[in-house]
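Enquirer: start-v8.csv is the file, holding CSV, C-alpha atoms:
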```
chain,number,residue,atom,x,y,z
F,248,MET,CA,-122.3,-13.7,13.7
F,249,THR,CA,-122.1,-10.0,12.8
F,250,ARG,CA,-122.2,-8.7,9.3
F,251,GLN,CA,-119.3,-6.5,8.5
F,252,SER,CA,-119.2,-5.1,5.0
F,253,ASP,CA,-115.7,-3.7,5.4
F,254,ASN,CA,-114.0,-6.4,7.4
F,255,ILE,CA,-110.3,-6.7,7.9
F,256,THR,CA,-109.7,-9.1,5.2
F,257,LEU,CA,-110.9,-6.8,2.4
F,258,ASN,CA,-110.3,-3.1,2.2
F,259,GLU,CA,-112.2,-3.0,-1.1
F,260,ARG,CA,-114.3,-6.0,-2.2
F,261,PRO,CA,-115.6,-6.1,-5.8
F,262,ALA,CA,-119.2,-7.3,-5.5
F,263,ARG,CA,-118.9,-9.8,-8.2
F,264,ASP,CA,-115.7,-11.6,-7.1
F,265,LEU,CA,-117.5,-14.7,-6.0
F,266,GLY,CA,-114.4,-16.9,-5.9
F,267,VAL,CA,-112.7,-14.7,-3.2
F,268,GLU,CA,-115.9,-14.8,-1.1
F,269,ILE,CA,-116.0,-18.6,-1.3
F,270,LEU,CA,-112.3,-18.7,-0.4
F,271,ARG,CA,-112.9,-16.4,2.5
F,272,ILE,CA,-115.6,-18.6,3.9
F,273,ILE,CA,-113.6,-21.8,3.4
F,274,SER,CA,-110.5,-20.2,4.9
F,275,MET,CA,-112.3,-19.1,8.1
F,276,LEU,CA,-113.9,-22.6,8.5
F,277,LEU,CA,-110.4,-24.1,8.2
F,278,ILE,CA,-108.9,-21.6,10.6
F,279,VAL,CA,-111.5,-22.6,13.2
F,280,CYS,CA,-110.7,-26.3,12.6
F,281,GLN,CA,-107.0,-25.5,12.9
F,282,HIS,CA,-107.5,-23.7,16.2
F,283,PHE,CA,-109.7,-26.6,17.4
F,284,ILE,CA,-106.9,-29.1,16.6
F,285,ASN,CA,-104.2,-27.0,18.2
F,286,HIS,CA,-105.9,-25.2,21.2
F,287,GLY,CA,-108.0,-28.2,21.9
F,288,GLY,CA,-104.9,-30.3,22.5
F,289,PHE,CA,-105.7,-32.9,19.8
F,290,LEU,CA,-102.4,-32.5,17.9
F,291,LYS,CA,-100.3,-32.7,21.1
F,292,ASN,CA,-102.1,-35.9,22.2
F,293,ALA,CA,-102.7,-37.4,18.8
F,294,GLY,CA,-101.4,-40.9,19.6
F,295,GLU,CA,-102.0,-43.3,16.7
F,296,ASN,CA,-103.8,-40.5,14.9
F,297,GLU,CA,-100.7,-38.4,14.6
F,298,PHE,CA,-100.2,-38.7,10.9
F,299,PHE,CA,-103.9,-38.0,10.1
F,300,LEU,CA,-104.0,-34.9,12.3
F,301,ASN,CA,-100.7,-33.6,11.0
F,302,LEU,CA,-102.0,-34.1,7.5
F,303,ILE,CA,-105.0,-31.9,8.4
F,304,HIS,CA,-102.8,-29.4,10.0
F,305,VAL,CA,-100.7,-29.1,6.8
F,306,LEU,CA,-103.7,-28.9,4.6
F,307,PHE,CA,-105.1,-26.0,6.6
F,308,ALA,CA,-101.8,-24.2,7.2
F,309,PRO,CA,-102.0,-21.6,4.3
F,310,THR,CA,-105.4,-20.1,5.4
F,311,VAL,CA,-104.1,-17.1,7.5
F,312,ASN,CA,-101.7,-16.1,4.7
F,313,VAL,CA,-104.6,-16.3,2.3
F,314,PHE,CA,-106.5,-13.6,4.2
F,315,VAL,CA,-103.6,-11.2,3.9
F,316,LEU,CA,-103.1,-12.0,0.2
F,317,ILE,CA,-106.7,-11.0,-0.3
F,318,ALA,CA,-106.1,-7.7,1.5
F,319,GLY,CA,-103.1,-6.9,-0.8
F,320,TYR,CA,-105.0,-8.0,-3.9
F,321,PHE,CA,-107.9,-5.6,-3.3
F,322,SER,CA,-106.0,-2.7,-1.7
F,323,VAL,CA,-103.2,-2.1,-4.2
F,324,ASN,CA,-105.0,0.8,-5.8
F,325,LYS,CA,-106.1,2.5,-2.6
F,326,ARG,CA,-104.2,5.8,-2.0
F,327,LYS,CA,-106.3,7.3,0.8
F,328,LEU,CA,-106.5,6.2,4.4
F,329,LYS,CA,-110.1,5.5,5.3
F,330,ILE,CA,-110.2,6.8,8.8
F,331,LYS,CA,-113.9,6.1,9.2
F,332,ARG,CA,-113.4,2.5,8.2
F,333,GLY,CA,-110.5,2.1,10.6
F,334,VAL,CA,-112.6,3.5,13.5
F,335,GLU,CA,-115.5,1.1,12.6
F,336,LEU,CA,-113.1,-1.9,12.6
F,337,TRP,CA,-111.6,-0.8,15.9
F,338,LEU,CA,-115.1,-0.4,17.4
F,339,GLN,CA,-116.1,-3.9,16.3
F,340,VAL,CA,-113.0,-5.4,17.9
F,341,LEU,CA,-113.7,-3.4,21.0
F,342,PHE,CA,-117.3,-4.7,21.1
F,343,TYR,CA,-116.3,-8.3,20.9
F,344,SER,CA,-113.4,-7.8,23.3
F,345,LEU,CA,-115.8,-6.4,26.0
F,346,ALA,CA,-119.1,-8.3,25.1
F,347,THR,CA,-117.5,-11.7,25.5
F,348,LEU,CA,-116.3,-11.0,29.1
F,349,PRO,CA,-119.7,-11.6,30.8
F,350,LEU,CA,-120.2,-14.8,28.9
F,351,ALA,CA,-116.7,-16.0,29.8
F,352,SER,CA,-117.4,-15.1,33.5
F,353,LEU,CA,-120.6,-17.2,33.4
F,354,LEU,CA,-118.7,-20.1,32.0
F,355,GLY,CA,-116.2,-19.9,34.9
F,356,ALA,CA,-113.4,-17.6,33.7
F,357,ASP,CA,-111.7,-15.4,36.3
F,358,ILE,CA,-112.1,-11.9,35.0
F,359,THR,CA,-109.9,-9.4,36.9
F,360,SER,CA,-110.4,-5.6,36.9
F,361,GLU,CA,-106.9,-5.3,35.3
F,362,TYR,CA,-108.0,-7.6,32.4
F,363,VAL,CA,-111.2,-5.5,31.9
F,364,PHE,CA,-109.1,-2.4,31.7
F,365,LYS,CA,-106.8,-4.0,29.1
F,366,SER,CA,-109.9,-5.1,27.1
F,367,PHE,CA,-110.5,-1.4,26.3
F,368,MET,CA,-107.2,-1.5,24.3
F,369,PRO,CA,-107.4,-4.8,22.4
F,370,ILE,CA,-105.1,-3.6,19.6
F,371,ILE,CA,-102.3,-2.5,21.8
F,372,ASN,CA,-102.6,-5.5,24.1
F,373,ARG,CA,-102.8,-7.9,21.0
F,374,HIS,CA,-105.9,-9.6,22.3
F,375,TYR,CA,-106.4,-10.5,18.6
F,376,TRP,CA,-102.9,-10.9,17.2
F,377,PHE,CA,-104.0,-11.0,13.6
F,378,PHE,CA,-106.0,-7.8,13.8
F,379,SER,CA,-103.2,-6.0,15.8
F,380,THR,CA,-100.7,-6.8,13.0
F,381,TYR,CA,-103.2,-6.2,10.2
F,382,PHE,CA,-104.2,-2.8,11.6
F,383,VAL,CA,-100.6,-1.6,11.0
F,384,ILE,CA,-100.9,-2.8,7.4
F,385,PHE,CA,-104.3,-1.0,7.2
F,386,LEU,CA,-102.6,2.3,8.2
F,387,LEU,CA,-99.7,1.7,5.8
F,388,THR,CA,-101.9,0.7,2.8
F,389,PRO,CA,-101.9,4.2,1.1
F,390,TYR,CA,-98.1,4.3,1.3
F,391,LEU,CA,-97.5,0.7,0.2
F,392,SER,CA,-100.0,1.2,-2.7
F,393,ALA,CA,-98.2,4.4,-3.8
F,394,MET,CA,-94.8,2.7,-3.7
F,395,LEU,CA,-95.9,-0.5,-5.5
F,396,SER,CA,-97.6,1.6,-8.2
F,397,ALA,CA,-94.4,3.6,-8.8
F,398,ILE,CA,-92.1,0.6,-9.4
F,399,THR,CA,-91.8,-1.8,-12.4
F,400,LYS,CA,-92.8,-5.4,-12.5
F,401,LYS,CA,-89.1,-6.5,-12.0
F,402,GLN,CA,-88.7,-4.2,-9.1
F,403,HIS,CA,-91.9,-5.4,-7.5
F,404,MET,CA,-90.8,-9.0,-7.8
F,405,ALA,CA,-87.3,-8.2,-6.5
F,406,LEU,CA,-88.9,-6.4,-3.5
F,407,VAL,CA,-91.0,-9.5,-2.6
F,408,ILE,CA,-88.1,-11.9,-3.1
F,409,GLY,CA,-85.7,-9.6,-1.2
F,410,ILE,CA,-87.9,-9.3,1.9
F,411,PHE,CA,-88.5,-13.0,2.0
F,412,VAL,CA,-85.0,-14.2,1.4
F,413,PHE,CA,-83.2,-11.8,3.8
F,414,SER,CA,-85.8,-12.3,6.5
F,415,TYR,CA,-86.1,-16.1,6.1
F,416,LEU,CA,-82.3,-16.6,6.1
F,417,SER,CA,-81.9,-14.3,9.2
F,418,THR,CA,-84.5,-16.4,11.0
F,419,ARG,CA,-83.2,-19.8,10.0
F,420,PHE,CA,-79.6,-19.1,10.7
F,421,ASP,CA,-80.0,-16.7,13.6
F,422,ILE,CA,-78.2,-13.9,11.8
F,423,GLY,CA,-80.1,-11.2,13.6
F,424,LYS,CA,-83.5,-9.9,14.6
F,425,VAL,CA,-83.6,-6.9,12.2
F,426,PHE,CA,-85.3,-8.8,9.4
F,427,SER,CA,-87.1,-11.3,11.6
F,428,LEU,CA,-90.4,-12.6,10.2
F,429,ALA,CA,-91.5,-13.4,13.8
F,430,GLY,CA,-92.9,-16.8,12.7
F,431,GLY,CA,-95.3,-15.1,10.3
F,432,TYR,CA,-97.0,-13.1,13.1
F,433,GLY,CA,-95.1,-9.8,12.5
F,434,VAL,CA,-95.7,-6.7,10.4
F,435,LEU,CA,-92.8,-7.5,8.0
F,436,TRP,CA,-94.4,-10.8,7.0
F,437,PHE,CA,-97.8,-9.1,6.5
F,438,ILE,CA,-96.1,-6.5,4.3
F,439,MET,CA,-94.5,-9.2,2.2
F,440,LEU,CA,-97.9,-10.9,1.8
F,441,PHE,CA,-99.5,-7.6,0.9
F,442,CYS,CA,-96.9,-7.1,-1.8
F,443,VAL,CA,-97.5,-10.6,-3.1
F,444,GLY,CA,-101.3,-10.0,-3.3
F,445,ALA,CA,-100.7,-6.7,-5.0
F,446,TYR,CA,-98.4,-8.4,-7.5
F,447,LEU,CA,-101.1,-10.9,-8.4
F,448,ARG,CA,-103.6,-8.1,-9.0
F,449,LYS,CA,-101.2,-5.9,-11.1
F,450,TYR,CA,-99.8,-8.8,-13.1
F,451,PRO,CA,-102.5,-11.5,-13.3
F,452,ILE,CA,-101.3,-15.1,-13.7
F,453,THR,CA,-103.6,-16.7,-16.2
F,454,VAL,CA,-103.5,-20.5,-15.8
F,455,LYS,CA,-106.1,-23.2,-15.6
F,456,ARG,CA,-107.3,-23.6,-12.0
F,457,ILE,CA,-106.4,-27.2,-12.0
F,458,TYR,CA,-102.7,-26.4,-12.1
F,459,PRO,CA,-102.4,-24.3,-8.9
F,460,ALA,CA,-104.7,-26.8,-7.2
F,461,ILE,CA,-102.4,-29.7,-8.1
F,462,LEU,CA,-99.3,-27.6,-7.0
F,463,TYR,CA,-101.0,-27.0,-3.7
F,464,LEU,CA,-101.5,-30.7,-3.1
F,465,LEU,CA,-97.9,-31.2,-4.0
F,466,THR,CA,-96.8,-28.8,-1.3
F,467,VAL,CA,-98.8,-30.9,1.2
F,468,VAL,CA,-97.0,-34.0,0.0
F,469,ASP,CA,-93.7,-32.2,0.4
F,470,HIS,CA,-94.6,-31.1,3.9
F,471,MET,CA,-95.4,-34.6,4.9
F,472,VAL,CA,-92.3,-36.1,3.3
F,473,PHE,CA,-90.0,-33.6,5.0
F,474,ARG,CA,-91.7,-34.1,8.3
F,475,TYR,CA,-91.6,-37.8,8.4
F,476,TYR,CA,-88.8,-38.9,6.1
F,477,LEU,CA,-86.3,-36.0,5.6
F,478,ASN,CA,-86.6,-34.0,8.8
F,479,ASP,CA,-82.9,-33.7,9.6
F,480,THR,CA,-82.3,-30.1,10.5
F,481,THR,CA,-78.5,-30.6,10.5
F,482,LYS,CA,-78.6,-30.8,6.7
F,483,LEU,CA,-78.3,-27.6,4.8
F,484,VAL,CA,-81.1,-28.3,2.3
F,485,ASN,CA,-83.5,-29.1,5.1
F,486,LYS,CA,-82.5,-26.0,7.1
F,487,LEU,CA,-83.2,-23.9,4.0
F,488,ILE,CA,-86.5,-25.5,2.9
F,489,TYR,CA,-88.3,-27.0,5.8
F,490,SER,CA,-88.8,-26.1,9.5
F,491,GLY,CA,-92.5,-26.9,10.0
F,492,THR,CA,-95.8,-25.5,8.9
F,493,GLY,CA,-95.3,-21.9,10.2
F,494,TYR,CA,-96.9,-19.1,8.2
F,495,ASP,CA,-93.5,-17.8,7.1
F,496,GLN,CA,-92.3,-21.1,5.6
F,497,PRO,CA,-91.6,-21.4,1.9
F,498,LEU,CA,-94.0,-24.3,1.3
F,499,THR,CA,-96.8,-22.6,3.3
F,500,LEU,CA,-96.4,-19.4,1.3
F,501,LEU,CA,-96.4,-21.3,-2.0
F,502,ALA,CA,-99.5,-23.2,-0.9
F,503,ALA,CA,-101.3,-20.0,0.0
F,504,VAL,CA,-100.6,-18.5,-3.4
F,505,CYS,CA,-101.8,-21.7,-5.1
F,506,VAL,CA,-105.1,-21.7,-3.1
F,507,PHE,CA,-105.6,-18.1,-3.9
F,508,LEU,CA,-105.1,-18.6,-7.7
F,509,THR,CA,-107.4,-21.6,-7.7
F,510,PHE,CA,-110.4,-19.4,-6.5
F,511,CYS,CA,-109.5,-16.0,-7.8
F,512,GLY,CA,-111.5,-14.7,-10.8
F,513,ILE,CA,-114.7,-16.7,-10.3
F,514,LYS,CA,-117.4,-14.1,-11.0
F,515,SER,CA,-120.9,-13.8,-9.6
F,516,ASN,CA,-123.9,-13.8,-11.9
F,517,GLY,CA,-126.0,-11.9,-9.3
F,518,SER,CA,-128.2,-14.8,-8.3
F,519,ARG,CA,-129.7,-15.2,-4.8
F,520,ILE,CA,-127.2,-18.0,-4.0
F,521,HIS,CA,-124.3,-15.9,-5.1
F,522,ARG,CA,-125.6,-12.9,-3.0
F,523,LEU,CA,-126.0,-15.2,0.0
F,524,ILE,CA,-122.4,-16.4,-0.4
F,525,CYS,CA,-121.1,-12.8,-0.5
F,526,TYR,CA,-123.2,-12.0,2.6
F,527,ILE,CA,-121.8,-15.0,4.5
F,528,GLY,CA,-118.3,-14.0,3.3
F,529,SER,CA,-118.7,-10.6,4.9
F,530,CYS,CA,-119.4,-12.3,8.3
F,531,THR,CA,-116.1,-14.0,8.6
F,532,PHE,CA,-114.5,-11.2,10.7
F,533,GLY,CA,-117.2,-11.7,13.3
F,534,VAL,CA,-116.5,-15.4,13.4
F,535,TYR,CA,-112.9,-14.7,14.0
F,536,LEU,CA,-113.5,-12.2,16.8
F,537,LEU,CA,-116.0,-14.5,18.6
F,538,HIS,CA,-114.1,-17.8,18.5
F,539,GLU,CA,-110.7,-16.2,19.2
F,540,ALA,CA,-111.9,-14.0,22.1
F,541,PRO,CA,-109.1,-14.4,24.6
F,542,MET,CA,-111.2,-15.2,27.6
F,543,LEU,CA,-113.5,-17.5,25.7
F,544,ARG,CA,-111.0,-19.4,23.6
F,545,ASP,CA,-109.7,-21.8,26.3
F,546,LEU,CA,-113.2,-22.4,27.5
F,547,ILE,CA,-114.5,-23.2,24.1
F,548,TYR,CA,-111.8,-25.6,23.2
F,549,THR,CA,-111.2,-27.3,26.6
F,550,LYS,CA,-114.7,-27.3,28.2
F,551,ILE,CA,-117.4,-26.8,25.6
```
Show me this structure written as C-alpha cells.

Expert:
Amino acid sequence: MTRQSDNITLNERPARDLGVEILRIISMLLIVCQHFINHGGFLKNAGENEFFLNLIHVLFAPTVNVFVLIAGYFSVNKRKLKIKRGVELWLQVLFYSLATLPLASLLGADITSEYVFKSFMPIINRHYWFFSTYFVIFLLTPYLSAMLSAITKKQHMALVIGIFVFSYLSTRFDIGKVFSLAGGYGVLWFIMLFCVGAYLRKYPITVKRIYPAILYLLTVVDHMVFRYYLNDTTKLVNKLIYSGTGYDQPLTLLAAVCVFLTFCGIKSNGSRIHRLICYIGSCTFGVYLLHEAPMLRDLIYTKI
C-alpha cells in the first residue's frame, strides 16, 4: 500500500475533514468487496444465496460515485491546473501498471510484448478505467470550477438536473448516443457527479446525519423491491426509475449523495487516531491500483 497524499479522489483535502477520510476508507473496502463478488463469479453463481449477495451488491453500489462526489466537493474552488500533481498521479499509475507484470507472470499470467508496450500507456489503454475517466475531469477541473462559480444556485441545480435527465432518458429509450452516460463509466457522468459534489460544497445541506442514512437504506429497499417484485421493464414507470444497480441509475446516485452527507463534516481533533485515519485514507489510491491491476485482477479473484 503506497501513501499518496494527492490521490485521484481528492484534489485538495482539508486536513481536518475526518468524515471524508473515514468514508474514503470504507468506500475502498466496499469496492474491493464488490469486485470480489463480481469478478470472483459469486454473484453469477449465487444459487440459494442470490438474494443475500444481491443485497450486498446493492448496499455497496454507490461507492464509486462517492469518490467522484468527493473530488467535486474539494475541487470546486480550484482554478489552476496542477501539472506537477497530474504528472505524479500518472507516474504512480505507470508504476503499478508495470510493477505488477512480473508478479502476474510468476503467478502464471501470459505477458506478451504487446501488452508490456501498452502498459506504458495505461491511461490511453484504459488499464484502469476509473483513472482514465477521472484524469479527463482532473484536466477539466479549472474550467468546471470557473463555470460553476460564475452561475447562480438555480442555474447550478438546473445544470445538474439537465445533464442527468437528458442523458438518462437518451440511454433508457435509445434516443441517441450524444448524451449517453455510458453506464456511469464515461466522462459525462463524472462531470455530472463533479457538479453535484461542487453543489454540496457551495450550498451545504444541513440536516441530522440520521436522515440521509435512513434515506440511503430506503434506496436499498427500493432497489430490492424493484428487482424482485416490480422488475417489469415493459412498464413506463419501471423503465424510468429502475434498470439495475449501475452507477448512472437514479437510486444509485441518490444513495451516493446520502452516504456522502452522512459522513461529510465530521472534523478531526488532531489526535493520533485521527491522524492515522487520515494517513490510511491517503493510501486508498494504491489499494485501487494494486487490486485492479489488469493482469493481476483475474488471478487474484479466480486463483488466490

Enquirer: Have a look at F:Asn324, F:Ser274, F:Thr549, F:Ser360 and name the one nearest to Ser396 in chain F; count all atoms listed in the file.

Expert: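 Checking each of F:Asn324, F:Ser274, F:Thr549, F:Ser360 against Ser396 in chain F, counting all atoms listed in the file, the winner is F:Asn324.
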
Enquirer: Place a sphere of radius 12 Å on (-96.6, -19.3, 2.5) in the file coordinates and name every protein, DNA or RNA residue with an atom inside or on its surface, counting only C-alpha atoms; give the answer as a compact mmCIF listing (two decimals) with C-alpha atoms, in the frame of the given file.

Expert:
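Wrote it out as point06.txt, contents follow:
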```txt
# COMPACT_ATOMS: atom_id res chain seq x y z
CA VAL F 305 -100.70 -29.10 6.80
CA PHE F 307 -105.10 -26.00 6.60
CA ALA F 308 -101.80 -24.20 7.20
CA PRO F 309 -102.00 -21.60 4.30
CA THR F 310 -105.40 -20.10 5.40
CA VAL F 311 -104.10 -17.10 7.50
CA ASN F 312 -101.70 -16.10 4.70
CA VAL F 313 -104.60 -16.30 2.30
CA PHE F 314 -106.50 -13.60 4.20
CA VAL F 315 -103.60 -11.20 3.90
CA LEU F 316 -103.10 -12.00 0.20
CA PHE F 411 -88.50 -13.00 2.00
CA TYR F 415 -86.10 -16.10 6.10
CA LEU F 428 -90.40 -12.60 10.20
CA GLY F 430 -92.90 -16.80 12.70
CA GLY F 431 -95.30 -15.10 10.30
CA TRP F 436 -94.40 -10.80 7.00
CA PHE F 437 -97.80 -9.10 6.50
CA MET F 439 -94.50 -9.20 2.20
CA LEU F 440 -97.90 -10.90 1.80
CA VAL F 443 -97.50 -10.60 -3.10
CA GLY F 444 -101.30 -10.00 -3.30
CA TYR F 463 -101.00 -27.00 -3.70
CA THR F 466 -96.80 -28.80 -1.30
CA VAL F 467 -98.80 -30.90 1.20
CA ILE F 488 -86.50 -25.50 2.90
CA TYR F 489 -88.30 -27.00 5.80
CA GLY F 491 -92.50 -26.90 10.00
CA THR F 492 -95.80 -25.50 8.90
CA GLY F 493 -95.30 -21.90 10.20
CA TYR F 494 -96.90 -19.10 8.20
CA ASP F 495 -93.50 -17.80 7.10
CA GLN F 496 -92.30 -21.10 5.60
CA PRO F 497 -91.60 -21.40 1.90
CA LEU F 498 -94.00 -24.30 1.30
CA THR F 499 -96.80 -22.60 3.30
CA LEU F 500 -96.40 -19.40 1.30
CA LEU F 501 -96.40 -21.30 -2.00
CA ALA F 502 -99.50 -23.20 -0.90
CA ALA F 503 -101.30 -20.00 0.00
CA VAL F 504 -100.60 -18.50 -3.40
CA CYS F 505 -101.80 -21.70 -5.10
CA VAL F 506 -105.10 -21.70 -3.10
CA PHE F 507 -105.60 -18.10 -3.90
```

Enquirer: Would you list the residues near (-120.6, -9.6, 16.6) (no more than 12 Å away, in the coordinates of the file, using only C-alpha atoms) as a ChimeraX atom specification?

Expert: /F:248-251,254,336,338-347,529-538,540

Enquirer: Calculate how many Å separate CA of Thr388 in chain F from CA of Leu435 in chain F, rounding to one decimal.

Expert: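 Here the two named atoms are 13.3 Å from each other.
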
Enquirer: Quick one, how far is CA of Cys525 in chain F from CA of Glu268 in chain F?

Expert: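 Rounded to one decimal, the two atoms are 5.6 Å apart.
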
Enquirer: Fewer than 5 positions away in the same chain doesn't count, so skip those; otherwise give me all residues within 12 Å of Ile551 in chain F, counting only C-alpha atoms, as a list in words.

Expert: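 That gives Phe283, Gly287, Ala351, Leu354, Gly355, His538, Leu543, Arg544, Asp545 and Leu546 of chain F.
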
Enquirer: Suppose we keep C-alpha atoms; can you now write the selection as an mmCIF file, keeping the file's coordinate frame?

Expert:
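Printed below is again-v4.cif as written:
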```cif
data_model
loop_
_atom_site.group_PDB
_atom_site.id
_atom_site.type_symbol
_atom_site.label_atom_id
_atom_site.label_comp_id
_atom_site.auth_asym_id
_atom_site.auth_seq_id
_atom_site.Cartn_x
_atom_site.Cartn_y
_atom_site.Cartn_z
ATOM 1 C CA PHE F 283 -109.700 -26.600 17.400
ATOM 2 C CA GLY F 287 -108.000 -28.200 21.900
ATOM 3 C CA ALA F 351 -116.700 -16.000 29.800
ATOM 4 C CA LEU F 354 -118.700 -20.100 32.000
ATOM 5 C CA GLY F 355 -116.200 -19.900 34.900
ATOM 6 C CA HIS F 538 -114.100 -17.800 18.500
ATOM 7 C CA LEU F 543 -113.500 -17.500 25.700
ATOM 8 C CA ARG F 544 -111.000 -19.400 23.600
ATOM 9 C CA ASP F 545 -109.700 -21.800 26.300
ATOM 10 C CA LEU F 546 -113.200 -22.400 27.500
#
```

Enquirer: Would you mind listing what lies within 12 Å of Arg373 in chain F as a compact mmCIF listing (two decimals) with C-alpha atoms, keeping the file's coordinate frame, with all atoms listed in the file counted and same-chain residues fewer than 5 positions away left out?

Expert:
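around-v3.txt written:
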```
# COMPACT_ATOMS: atom_id res chain seq x y z
CA VAL F 340 -113.00 -5.40 17.90
CA LEU F 341 -113.70 -3.40 21.00
CA SER F 344 -113.40 -7.80 23.30
CA LYS F 365 -106.80 -4.00 29.10
CA SER F 366 -109.90 -5.10 27.10
CA PHE F 367 -110.50 -1.40 26.30
CA MET F 368 -107.20 -1.50 24.30
CA PHE F 378 -106.00 -7.80 13.80
CA SER F 379 -103.20 -6.00 15.80
CA THR F 380 -100.70 -6.80 13.00
CA TYR F 381 -103.20 -6.20 10.20
CA PHE F 382 -104.20 -2.80 11.60
CA TYR F 432 -97.00 -13.10 13.10
CA GLY F 433 -95.10 -9.80 12.50
CA GLU F 539 -110.70 -16.20 19.20
CA ALA F 540 -111.90 -14.00 22.10
CA PRO F 541 -109.10 -14.40 24.60
```

Enquirer: Which value, in Å to one decimal, gives the distance between CA of Trp337 in chain F and CA of Ile370 in chain F?

Expert: 8.0 Å

Enquirer: Which of these, F:Lys514, F:Arg271, F:Lys331, F:Arg326, has the shortest distance to Ile527 in chain F once you count all atoms listed in the file?

Expert: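 When distances to Ile527 in chain F are compared using all atoms listed in the file, the smallest one comes from F:Arg271.
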
Enquirer: With only C-alpha atoms as the atoms that count, which of F:Ile547, F:Val472, F:Ala460, F:Ile513 lies nearest to Phe298 in chain F?

Expert: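 Checking each of F:Ile547, F:Val472, F:Ala460, F:Ile513 against Phe298 in chain F, counting only C-alpha atoms, the winner is F:Val472.
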